[in-house]
Amino acid sequence: MSTAPPTDETKASPMKYVVRCGSLRTLHVATSKSSFHYGEKVIVRTDRGMETGEVLVEATEHTLSHMTNPPGGQILRSLSGDDVNDLSHISDQGRKEFDACKRHIHRLGLDMKLVDIEHLFGGERVVVYYLADKRVDFRQLVRDLASEFQTRVEMRQIGVRDEAKLLADYGDCGKPVCCNTHLSAMPPVSMRMAKLQKATLDPSKISGRCGRLKCCLRYEFDTYEEMQRELPPPGAQVLTRDGKATVIFQEILAQQLLVQTEDNRRVLIDVSDVLSVVQKKPAGDNRSSSKSKKKQNSKNLDTPSKAEGEENL
């Protein structure tokens, strides 16, 4: 019995890898006919052009399930010795382009701060990263730069967190900043996260290199929330082995409670010593909440809004 020759459909499909590319360390899902390993430097063709990248992991279904619409690409080859020399030349050229761009911005009197310039490996474009509080008319700047650099110029406005991602080196912890290493997206961070973790509220100590709240405050927040749900809230009435007590403070990580007993002693107990929660909310909370709600409703009824006042006039 003869066997049919393999067709294009029966050939193995190309392998896919997650590759980190560009100054902003964007994650791409790139195809390849060859296999690569973690950390290998490669040349990738993306929608921006030909650029260098770093292979992170094979793009399995599980990996892709954690990514949202990642841009595609194609791995062309591993980084060679000649490519390394070309990158060194591009780096030197980038410094000159940065100085030239800064000079043109000053000459045109543009209200913008130049942050960084990225010259793609293939030379298809130069990306100018800048900060600006207001809208900037940079059309003349683009024309001047394109004429001088002899390539396409792309202007990209960024925020202070992206500025740190481009320029920052080490954080207060002594390690490289998260935004410039493993983070692919900036997580939302709030003061509530700092308060729940009993972190100091001194802005100078909980702010990162970007001046915003540190991204690491987000890492353990979900665990803190889950552990806090296991504890009675402050003000709750609990029944312990030694009688009734009122919760004053929670030690979330230690899973302990500071309680005040009926004879006004303050004792630190384990959550396992709580037999039952007699009253979860402190007495008077509902009444206080109801009174506040009535007061607010009364205020809303008695005081017309600004728009209503203008219509009456």
# chains A, B, ... in the order shown; residues from 1 in each chain; ligands from 1
>>> residues_around(residues="Thr246 of chain A", least_positions_apart="4", cutoff="12 Å", atoms="only C-alpha atoms", output="compact mmCIF listing (two decimals) with N, CA, C and O atoms, in the first residue's frame")
# COMPACT_ATOMS: atom_id res chain seq x y z
N PRO A 232 -12.66 38.52 62.40
CA PRO A 232 -13.76 39.44 62.74
C PRO A 232 -13.27 40.88 62.62
O PRO A 232 -12.11 41.17 62.97
N PRO A 233 -14.08 41.80 62.12
CA PRO A 233 -13.63 43.19 61.94
C PRO A 233 -13.51 43.92 63.27
O PRO A 233 -14.11 43.51 64.28
N PRO A 234 -12.73 45.00 63.31
CA PRO A 234 -12.66 45.82 64.53
C PRO A 234 -14.04 46.30 64.95
O PRO A 234 -14.85 46.70 64.12
N GLY A 235 -14.32 46.24 66.26
CA GLY A 235 -15.63 46.62 66.78
C GLY A 235 -16.57 45.45 66.96
O GLY A 235 -17.61 45.58 67.61
N ALA A 236 -16.22 44.29 66.38
CA ALA A 236 -17.10 43.13 66.50
C ALA A 236 -17.05 42.55 67.91
O ALA A 236 -16.01 42.61 68.59
N GLN A 237 -18.18 42.00 68.36
CA GLN A 237 -18.27 41.34 69.65
C GLN A 237 -18.03 39.84 69.43
O GLN A 237 -18.71 39.23 68.60
N VAL A 238 -17.04 39.27 70.12
CA VAL A 238 -16.71 37.86 69.94
C VAL A 238 -16.78 37.13 71.28
O VAL A 238 -16.65 37.73 72.35
N LEU A 239 -16.99 35.83 71.17
CA LEU A 239 -17.00 34.97 72.36
C LEU A 239 -15.74 34.13 72.33
O LEU A 239 -15.50 33.38 71.39
N THR A 240 -14.90 34.27 73.36
CA THR A 240 -13.66 33.51 73.47
C THR A 240 -13.78 32.51 74.61
O THR A 240 -14.79 32.45 75.31
N GLN A 250 -6.64 44.12 64.16
CA GLN A 250 -6.35 42.85 63.49
C GLN A 250 -4.87 42.75 63.14
O GLN A 250 -4.29 43.70 62.61
N LEU A 257 -5.80 38.69 66.97
CA LEU A 257 -6.70 39.82 67.26
C LEU A 257 -6.31 40.46 68.58
O LEU A 257 -6.00 39.76 69.55
N LEU A 258 -6.32 41.78 68.60
CA LEU A 258 -6.20 42.50 69.86
C LEU A 258 -7.62 42.79 70.33
O LEU A 258 -8.38 43.48 69.63
N VAL A 259 -7.99 42.23 71.48
CA VAL A 259 -9.37 42.37 71.96
C VAL A 259 -9.37 43.02 73.34
O VAL A 259 -8.37 42.97 74.07
N GLN A 260 -10.52 43.61 73.66
CA GLN A 260 -10.73 44.18 74.99
C GLN A 260 -11.80 43.36 75.70
O GLN A 260 -12.92 43.21 75.19
N THR A 261 -11.44 42.80 76.83
CA THR A 261 -12.35 41.94 77.57
C THR A 261 -13.36 42.76 78.36
O THR A 261 -13.27 44.00 78.41
N GLU A 262 -14.32 42.09 78.98
CA GLU A 262 -15.37 42.78 79.73
C GLU A 262 -14.83 43.49 80.96
O GLU A 262 -15.43 44.45 81.44
N ASP A 263 -13.67 43.04 81.48
CA ASP A 263 -13.07 43.73 82.62
C ASP A 263 -12.01 44.73 82.16
O ASP A 263 -11.09 45.09 82.90
N ASN A 264 -12.11 45.17 80.86
CA ASN A 264 -11.29 46.24 80.28
C ASN A 264 -9.80 45.89 80.15
O ASN A 264 -8.95 46.78 80.12
N ARG A 265 -9.50 44.61 80.06
CA ARG A 265 -8.12 44.20 79.77
C ARG A 265 -7.97 44.05 78.26
O ARG A 265 -8.88 43.64 77.56
N ARG A 266 -6.78 44.40 77.76
CA ARG A 266 -6.48 44.23 76.34
C ARG A 266 -5.55 43.04 76.16
O ARG A 266 -4.46 43.01 76.75
N VAL A 267 -6.00 42.08 75.35
CA VAL A 267 -5.28 40.82 75.20
C VAL A 267 -5.13 40.50 73.71
O VAL A 267 -6.05 40.72 72.92
N LEU A 268 -3.97 39.94 73.36
CA LEU A 268 -3.74 39.49 71.99
C LEU A 268 -4.03 38.00 71.92
O LEU A 268 -3.40 37.21 72.64
N ILE A 269 -4.98 37.61 71.07
CA ILE A 269 -5.38 36.20 70.99
C ILE A 269 -5.29 35.71 69.55
O ILE A 269 -5.31 36.50 68.60
N VAL A 274 -11.28 32.23 69.07
CA VAL A 274 -12.63 32.80 68.95
C VAL A 274 -13.62 31.67 68.72
O VAL A 274 -13.55 30.96 67.71
N VAL A 277 -18.71 34.63 66.68
CA VAL A 277 -18.85 36.08 66.57
C VAL A 277 -20.27 36.42 67.00
O VAL A 277 -21.24 36.05 66.34
N VAL A 278 -20.39 37.12 68.13
CA VAL A 278 -21.70 37.45 68.68
C VAL A 278 -22.35 38.57 67.87
O VAL A 278 -23.52 38.51 67.51
N GLN A 279 -21.58 39.59 67.57
CA GLN A 279 -22.09 40.74 66.82
C GLN A 279 -20.97 41.24 65.92
O GLN A 279 -19.91 41.66 66.39
N LYS A 280 -21.19 41.18 64.60
CA LYS A 280 -20.11 41.51 63.66
C LYS A 280 -19.84 43.00 63.60
O LYS A 280 -18.70 43.44 63.48
N LYS A 281 -20.92 43.83 63.66
CA LYS A 281 -20.73 45.28 63.61
C LYS A 281 -20.93 45.85 65.01
O LYS A 281 -21.75 45.37 65.78
N PRO A 282 -20.16 46.88 65.35
CA PRO A 282 -20.34 47.50 66.66
C PRO A 282 -21.72 48.10 66.80
O PRO A 282 -22.30 48.58 65.82
N ALA A 283 -22.26 48.07 68.01
CA ALA A 283 -23.59 48.61 68.26
C ALA A 283 -23.64 50.09 67.89
O ALA A 283 -22.72 50.84 68.19
>>> residues_around(residues="segment 76-90 of chain A", least_positions_apart="2", cutoff="6 Å", atoms="only C-alpha atoms", output="PyMOL selection string")
chain A and resi 41-44+92-94
>>> write_last_selection(atoms="N, CA and C atoms", output="PDB file, in the first residue's frame")
ATOM      1  N   LYS A  41      18.778  35.899  22.931  1.00  0.00           N
ATOM      2  CA  LYS A  41      18.583  37.141  22.195  1.00  0.00           C
ATOM      3  C   LYS A  41      18.346  36.818  20.725  1.00  0.00           C
ATOM      4  N   VAL A  42      17.326  37.453  20.151  1.00  0.00           N
ATOM      5  CA  VAL A  42      16.942  37.135  18.779  1.00  0.00           C
ATOM      6  C   VAL A  42      16.631  38.415  18.006  1.00  0.00           C
ATOM      7  N   ILE A  43      16.582  38.268  16.683  1.00  0.00           N
ATOM      8  CA  ILE A  43      16.114  39.335  15.803  1.00  0.00           C
ATOM      9  C   ILE A  43      14.685  38.993  15.405  1.00  0.00           C
ATOM     10  N   VAL A  44      13.765  39.934  15.633  1.00  0.00           N
ATOM     11  CA  VAL A  44      12.345  39.701  15.422  1.00  0.00           C
ATOM     12  C   VAL A  44      11.784  40.732  14.445  1.00  0.00           C
ATOM     13  N   ASP A  92      25.383  54.219  19.804  1.00  0.00           N
ATOM     14  CA  ASP A  92      26.141  55.468  19.655  1.00  0.00           C
ATOM     15  C   ASP A  92      25.352  56.466  18.817  1.00  0.00           C
ATOM     16  N   GLN A  93      24.718  55.963  17.775  1.00  0.00           N
ATOM     17  CA  GLN A  93      23.920  56.817  16.907  1.00  0.00           C
ATOM     18  C   GLN A  93      22.717  57.377  17.660  1.00  0.00           C
ATOM     19  N   GLY A  94      22.135  56.561  18.547  1.00  0.00           N
ATOM     20  CA  GLY A  94      20.984  56.996  19.323  1.00  0.00           C
ATOM     21  C   GLY A  94      21.305  58.164  20.236  1.00  0.00           C
TER      22      GLY A  94
END
>>> closest_residue(among="A:Leu196, A:Met191, A:Ala132, A:Leu201", to="Leu253 of chain A", atoms="only C-alpha atoms")
A:Leu196
>>> residues_around(residues="segment 63-72 of chain A", least_positions_apart="2", cutoff="12 Å", atoms="only C-alpha atoms", output="list of chain:residue names")
A:Lys16, A:Tyr17, A:Val18, A:Val19, A:Arg20, A:Cys21, A:Thr26, A:Leu27, A:His28, A:Val29, A:Ala30, A:Thr31, A:Ser32, A:Val44, A:Arg45, A:Thr46, A:Asp47, A:Arg48, A:Gly49, A:Leu56, A:Val57, A:Glu58, A:Ala59, A:Thr60, A:Glu61, A:Gln74, A:Ile75, A:Ser184, A:Ala185
>>> atom_distance(atom1="atom CA of Ile117 of chain A", atom2="atom CA of Asp172 of chain A")
26.5 Å
>>> select_by_dssp(residues="segment 34-71 of chain A", states="alpha helix (DSSP H)", output="VMD selection string")
chain A and resid 61 to 64
>>> write_last_selection(atoms="C-alpha atoms", output="mmCIF file, in the first residue's frame")
data_model
loop_
_atom_site.group_PDB
_atom_site.id
_atom_site.type_symbol
_atom_site.label_atom_id
_atom_site.label_comp_id
_atom_site.auth_asym_id
_atom_site.auth_seq_id
_atom_site.Cartn_x
_atom_site.Cartn_y
_atom_site.Cartn_z
ATOM 1 C CA GLU A 61 -2.301 27.716 25.399
ATOM 2 C CA HIS A 62 -1.850 28.200 29.141
ATOM 3 C CA THR A 63 0.601 31.060 28.570
ATOM 4 C CA LEU A 64 -1.613 32.760 25.996
#
>>> atom_distance(atom1="atom CA of Gly159 of chain A", atom2="atom CA of Lys198 of chain A")
28.5 Å
>>> select_by_dssp(residues="segment 78-271 of chain A", states="strand (DSSP E)", output="VMD selection string")
chain A and resid 78 113 to 119 125 to 131 152 to 157 237 to 240 243 to 251 256 to 261 266 to 270
>>> residues_around(residues="Tyr129 of chain A", least_positions_apart="6", cutoff="10 Å", atoms="only C-alpha atoms", output="ChimeraX atom specification")
/A:23,113-118,154-159,162-163,166
>>> write_last_selection(atoms="C-alpha atoms", output="PDB file, in the first residue's frame")
ATOM      1  CA  SER A  23      12.458  49.969  24.981  1.00  0.00           C
ATOM      2  CA  LYS A 113      10.294  66.953  27.953  1.00  0.00           C
ATOM      3  CA  LEU A 114      12.365  64.556  25.877  1.00  0.00           C
ATOM      4  CA  VAL A 115      12.680  61.236  27.729  1.00  0.00           C
ATOM      5  CA  ASP A 116      14.358  58.785  25.357  1.00  0.00           C
ATOM      6  CA  ILE A 117      14.920  57.876  21.711  1.00  0.00           C
ATOM      7  CA  GLU A 118      14.651  54.348  20.354  1.00  0.00           C
ATOM      8  CA  GLU A 154       7.303  58.367  15.452  1.00  0.00           C
ATOM      9  CA  MET A 155       6.367  60.618  18.381  1.00  0.00           C
ATOM     10  CA  ARG A 156       5.040  58.780  21.445  1.00  0.00           C
ATOM     11  CA  GLN A 157       3.710  60.591  24.503  1.00  0.00           C
ATOM     12  CA  ILE A 158       4.161  58.640  27.734  1.00  0.00           C
ATOM     13  CA  GLY A 159       3.408  59.054  31.446  1.00  0.00           C
ATOM     14  CA  ASP A 162       6.574  54.709  31.512  1.00  0.00           C
ATOM     15  CA  GLU A 163       9.390  57.207  32.043  1.00  0.00           C
ATOM     16  CA  LEU A 166      12.593  53.551  30.302  1.00  0.00           C
TER      17      LEU A 166
END
